[in-house]
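> Below you will find the structure I want to go over with you.
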Amino acid sequence: METPELMNRRPGRGARARAILRLLRSRAVSLTVAAASVLVLGGLLTATIVWTLYDPKWIAFLGGMLFAALVATASGASRAQWRIARRTLQLERTRERLELESKRARVATDGLRAAEERLCALCDALPLPLLYIDRELRCHYHNPAAELDLARSPQEIDSRPLSEVVGAQAYAEMQPFLAESLLGREAAYDLAWRAGDGAEKSFSVRHVPYPPGQTIASGLYLILLPRAARPPVEAAPAAGEAPAREPEADDPQRKLVEAMRDNQFLLLAQPIRALQPQPGEPRFHEILLRLKEEEDNLLPPGGFFPTAERYGMMEHLDRWVVRHVINACHETAGADGGPAALHGVNLSHAAVHSHAFARFVQKQIVDRAFDGRALCFEIAEPDIERFPADVARLMGMLKPLGVRFTADAFGSIHGAPETLRGLAFDFVKIDGVLIQRVARSGADELRVCGIAEACRKLGTRSIAECVEDEATLARLRAIGVDYVQGFGIGRPAMLQAPRAALAA
């Protein structure tokens, strides 16, 4: 079916007939004018011959002029006919191309309409709420699951501002992520809001910019995963309740949930040593998370992280670590009479994104009267570079409580000082790949020197990880790195064995 625009552009049969009639009429007028000109010229020549009394010289001269005029007229008429034929052929070819392009446009339009119908059918069948938001932050599409989970009618969603759909409080938390997504970057975070029926709902939210791969998106897809769909973490069965079913052999998610619930994880501490220790400076170490099964069976460490990442459980693991580090600090407080040790805790990108994680840490510190200066969260350079707004928000919420921050694996991507500007990091941990080659690669030594110098200018202390031999340690001391860590400095030791479940 042709679009109205194409139908308006294509002349109908009546228009083509009128164009042909105009062409024939103009050709007839041209021929008439040419014939009249010849007759007038012939009459004048005849009168001249009579007036010159039939002088042969004049007859020859005037006859030549008449012949030249006839030849010129015939030549002009021939050129005009040739131009008309050429233009007619060009018009015919243009008409054919227009018809071909119109046909292609119809086929493309039909294909696009069919693809949109298939996509809508697929989205409507999804059990997860899905909305499409344009650059003006209005909802232009939603599937039936969105109506159900948001408890709103289609009239309350279609073409309505997102702030009205989710409410002012939830919209305020979403705004930083929306701005990132409209710049072509994906986002993922947790969010809670009050649905249209008054019920409190909690979702894991993901933004998918559209079209993909563009620096300026025309809109974004908002995908909502209800948090109720996830199994509870660290929830022990209440008295009188039936115990949870045994984990299946092929259910890694369930095994990981029960490992957290039953505290089947170990906390190890690897020392971080100052090259120029100061009096009264606290002990410093990085917290490493291990599964007890890995230690018992001598398996490679950290094999559970891909499973946790796949099932969206990294933030739960980070919360487990924070709770148990605080517990270990309370148990060892004042044991050696010195200042409380500083514990470096690695954060996943899920925890960095999550507003709820920062509020969780605030609550743990306040409710348990914990000294926040004993915590130092490590954030990897890729997450700092991709999500600086999330990092700044996390720092703004936790630094007033004394919590410190480390830029981890710095130099793994660019190692540019601009990455750290505007972010109040206390430490920068230089990527271990650079450190392992610093004693035998001039290029890597220069990069480490540059990072250490940038840290001094920013007032940030540098840490070299993966230090394993004296030659590397000597080079780092000469460069002026502040702290060192690695098997050549100290191996990880047990911080806390599994204990009874802690209150959430």
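In the structure tokens, chains take the letters A, B, ... in the order shown, each chain's residues start at 1, and ligands count up from 1 in the order shown.
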Using DSSP secondary structure from the backbone, list all helix (DSSP H, G or I) positions within stretch 77-190 of chain A, as a ChimeraX atom specification.

/A:77-125,144-150,154-156,162-166,168-181

> Atoms to include: C-alpha atoms. Write the selected residues as a PDB file, in the first residue's frame.


ATOM      1  CA  ALA A  77      13.745  22.654 -36.001  1.00  0.00           C
ATOM      2  CA  SER A  78      15.921  19.502 -36.044  1.00  0.00           C
ATOM      3  CA  ARG A  79      17.847  20.579 -32.931  1.00  0.00           C
ATOM      4  CA  ALA A  80      14.608  21.403 -31.177  1.00  0.00           C
ATOM      5  CA  GLN A  81      13.210  17.968 -32.035  1.00  0.00           C
ATOM      6  CA  TRP A  82      16.410  16.305 -30.771  1.00  0.00           C
ATOM      7  CA  ARG A  83      16.267  18.227 -27.476  1.00  0.00           C
ATOM      8  CA  ILE A  84      12.626  17.334 -27.056  1.00  0.00           C
ATOM      9  CA  ALA A  85      13.351  13.651 -27.681  1.00  0.00           C
ATOM     10  CA  ARG A  86      16.284  13.679 -25.232  1.00  0.00           C
ATOM     11  CA  ARG A  87      14.274  15.406 -22.475  1.00  0.00           C
ATOM     12  CA  THR A  88      11.380  13.014 -23.051  1.00  0.00           C
ATOM     13  CA  LEU A  89      13.750  10.055 -22.599  1.00  0.00           C
ATOM     14  CA  GLN A  90      15.203  11.617 -19.440  1.00  0.00           C
ATOM     15  CA  LEU A  91      11.724  12.159 -18.035  1.00  0.00           C
ATOM     16  CA  GLU A  92      10.821   8.553 -18.789  1.00  0.00           C
ATOM     17  CA  ARG A  93      13.944   7.289 -17.028  1.00  0.00           C
ATOM     18  CA  THR A  94      13.273   9.572 -14.061  1.00  0.00           C
ATOM     19  CA  ARG A  95       9.714   8.259 -13.862  1.00  0.00           C
ATOM     20  CA  GLU A  96      10.987   4.657 -13.907  1.00  0.00           C
ATOM     21  CA  ARG A  97      13.510   5.402 -11.149  1.00  0.00           C
ATOM     22  CA  LEU A  98      10.794   7.110  -9.108  1.00  0.00           C
ATOM     23  CA  GLU A  99       8.541   4.085  -9.476  1.00  0.00           C
ATOM     24  CA  LEU A 100      11.421   1.771  -8.478  1.00  0.00           C
ATOM     25  CA  GLU A 101      12.278   3.866  -5.400  1.00  0.00           C
ATOM     26  CA  SER A 102       8.602   4.039  -4.498  1.00  0.00           C
ATOM     27  CA  LYS A 103       8.409   0.263  -4.693  1.00  0.00           C
ATOM     28  CA  ARG A 104      11.498  -0.107  -2.529  1.00  0.00           C
ATOM     29  CA  ALA A 105      10.075   2.376  -0.023  1.00  0.00           C
ATOM     30  CA  ARG A 106       6.844   0.391   0.146  1.00  0.00           C
ATOM     31  CA  VAL A 107       8.750  -2.855   0.696  1.00  0.00           C
ATOM     32  CA  ALA A 108      10.934  -1.251   3.412  1.00  0.00           C
ATOM     33  CA  THR A 109       7.895   0.290   5.091  1.00  0.00           C
ATOM     34  CA  ASP A 110       6.072  -3.039   5.070  1.00  0.00           C
ATOM     35  CA  GLY A 111       9.169  -4.790   6.455  1.00  0.00           C
ATOM     36  CA  LEU A 112       9.575  -2.206   9.206  1.00  0.00           C
ATOM     37  CA  ARG A 113       5.899  -2.462  10.112  1.00  0.00           C
ATOM     38  CA  ALA A 114       6.156  -6.266  10.281  1.00  0.00           C
ATOM     39  CA  ALA A 115       9.327  -6.054  12.426  1.00  0.00           C
ATOM     40  CA  GLU A 116       7.638  -3.616  14.804  1.00  0.00           C
ATOM     41  CA  GLU A 117       4.653  -5.925  15.096  1.00  0.00           C
ATOM     42  CA  ARG A 118       6.919  -8.889  15.871  1.00  0.00           C
ATOM     43  CA  LEU A 119       8.873  -6.850  18.428  1.00  0.00           C
ATOM     44  CA  CYS A 120       5.686  -5.641  20.120  1.00  0.00           C
ATOM     45  CA  ALA A 121       4.345  -9.198  20.235  1.00  0.00           C
ATOM     46  CA  LEU A 122       7.603 -10.376  21.819  1.00  0.00           C
ATOM     47  CA  CYS A 123       7.684  -7.522  24.359  1.00  0.00           C
ATOM     48  CA  ASP A 124       4.023  -8.050  25.238  1.00  0.00           C
ATOM     49  CA  ALA A 125       4.799 -11.705  26.019  1.00  0.00           C
ATOM     50  CA  PRO A 144       1.139  -5.600  29.869  1.00  0.00           C
ATOM     51  CA  ALA A 145       3.600  -6.645  32.595  1.00  0.00           C
ATOM     52  CA  ALA A 146       4.359  -2.966  33.223  1.00  0.00           C
ATOM     53  CA  GLU A 147       0.663  -2.256  33.859  1.00  0.00           C
ATOM     54  CA  LEU A 148       0.511  -5.177  36.294  1.00  0.00           C
ATOM     55  CA  ASP A 149       3.676  -4.441  38.291  1.00  0.00           C
ATOM     56  CA  LEU A 150       3.227  -0.662  38.321  1.00  0.00           C
ATOM     57  CA  PRO A 154      -2.620   2.350  30.084  1.00  0.00           C
ATOM     58  CA  GLN A 155      -3.956   5.915  30.246  1.00  0.00           C
ATOM     59  CA  GLU A 156      -1.711   6.542  33.278  1.00  0.00           C
ATOM     60  CA  LEU A 162       8.108   9.253  33.602  1.00  0.00           C
ATOM     61  CA  SER A 163       7.969  11.292  36.806  1.00  0.00           C
ATOM     62  CA  GLU A 164       4.192  10.742  36.931  1.00  0.00           C
ATOM     63  CA  VAL A 165       4.503   7.023  36.212  1.00  0.00           C
ATOM     64  CA  VAL A 166       7.029   6.201  38.955  1.00  0.00           C
ATOM     65  CA  ALA A 168       8.671  12.072  42.278  1.00  0.00           C
ATOM     66  CA  GLN A 169      10.920  10.276  44.794  1.00  0.00           C
ATOM     67  CA  ALA A 170      11.816   7.359  42.509  1.00  0.00           C
ATOM     68  CA  TYR A 171      12.206   9.723  39.550  1.00  0.00           C
ATOM     69  CA  ALA A 172      14.727  11.812  41.498  1.00  0.00           C
ATOM     70  CA  GLU A 173      16.861   8.690  42.083  1.00  0.00           C
ATOM     71  CA  MET A 174      16.581   7.682  38.418  1.00  0.00           C
ATOM     72  CA  GLN A 175      17.581  11.045  36.934  1.00  0.00           C
ATOM     73  CA  PRO A 176      21.399  10.580  37.010  1.00  0.00           C
ATOM     74  CA  PHE A 177      21.062   7.191  35.282  1.00  0.00           C
ATOM     75  CA  LEU A 178      18.621   8.592  32.716  1.00  0.00           C
ATOM     76  CA  ALA A 179      21.082  11.330  31.782  1.00  0.00           C
ATOM     77  CA  GLU A 180      23.851   8.724  31.313  1.00  0.00           C
ATOM     78  CA  SER A 181      21.642   6.523  29.138  1.00  0.00           C
TER      79      SER A 181
END

> Skip stretch 464-480 of chain A itself and residues of its chain fewer than 2 positions away, then list as a ChimeraX atom specification all residues within 12 Å of it, counting only C-alpha atoms.

/A:270-276,285-286,407-411,427-442,444-456,461-462,482-491

> Could you jot down the atom CA of A:Asn143 to atom CA of A:Gln214 separation for me, Å, one decimal place?

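It comes out at 24.9 Å.
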
> Between atom CA of A:Ile384 and atom CA of A:Leu288, what is the spacing in Å?

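Result for atom CA of A:Leu288 versus atom CA of A:Ile384: 20.8 Å, one decimal.
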
> Can you list, as a ChimeraX atom specification, every residue of stretch 230-447 of chain A that DSSP puts in strand (DSSP E)?

/A:265-274,284-291,342-346,375-380,404-410,427-430

> Got a sec: who's within 10 Å of A:Ala351, counting only C-alpha atoms, leaving out chain neighbours fewer than 3 positions off, as a PyMOL selection string?

chain A and resi 189-190+313-319+346-348+354-358+379+390+394

> Would you mind reading off the distance between atom CA of A:Ala340 and atom CA of A:Gln264, one decimal, in Å?

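Going from atom CA of A:Ala340 over to atom CA of A:Gln264, I get 26.1 Å.
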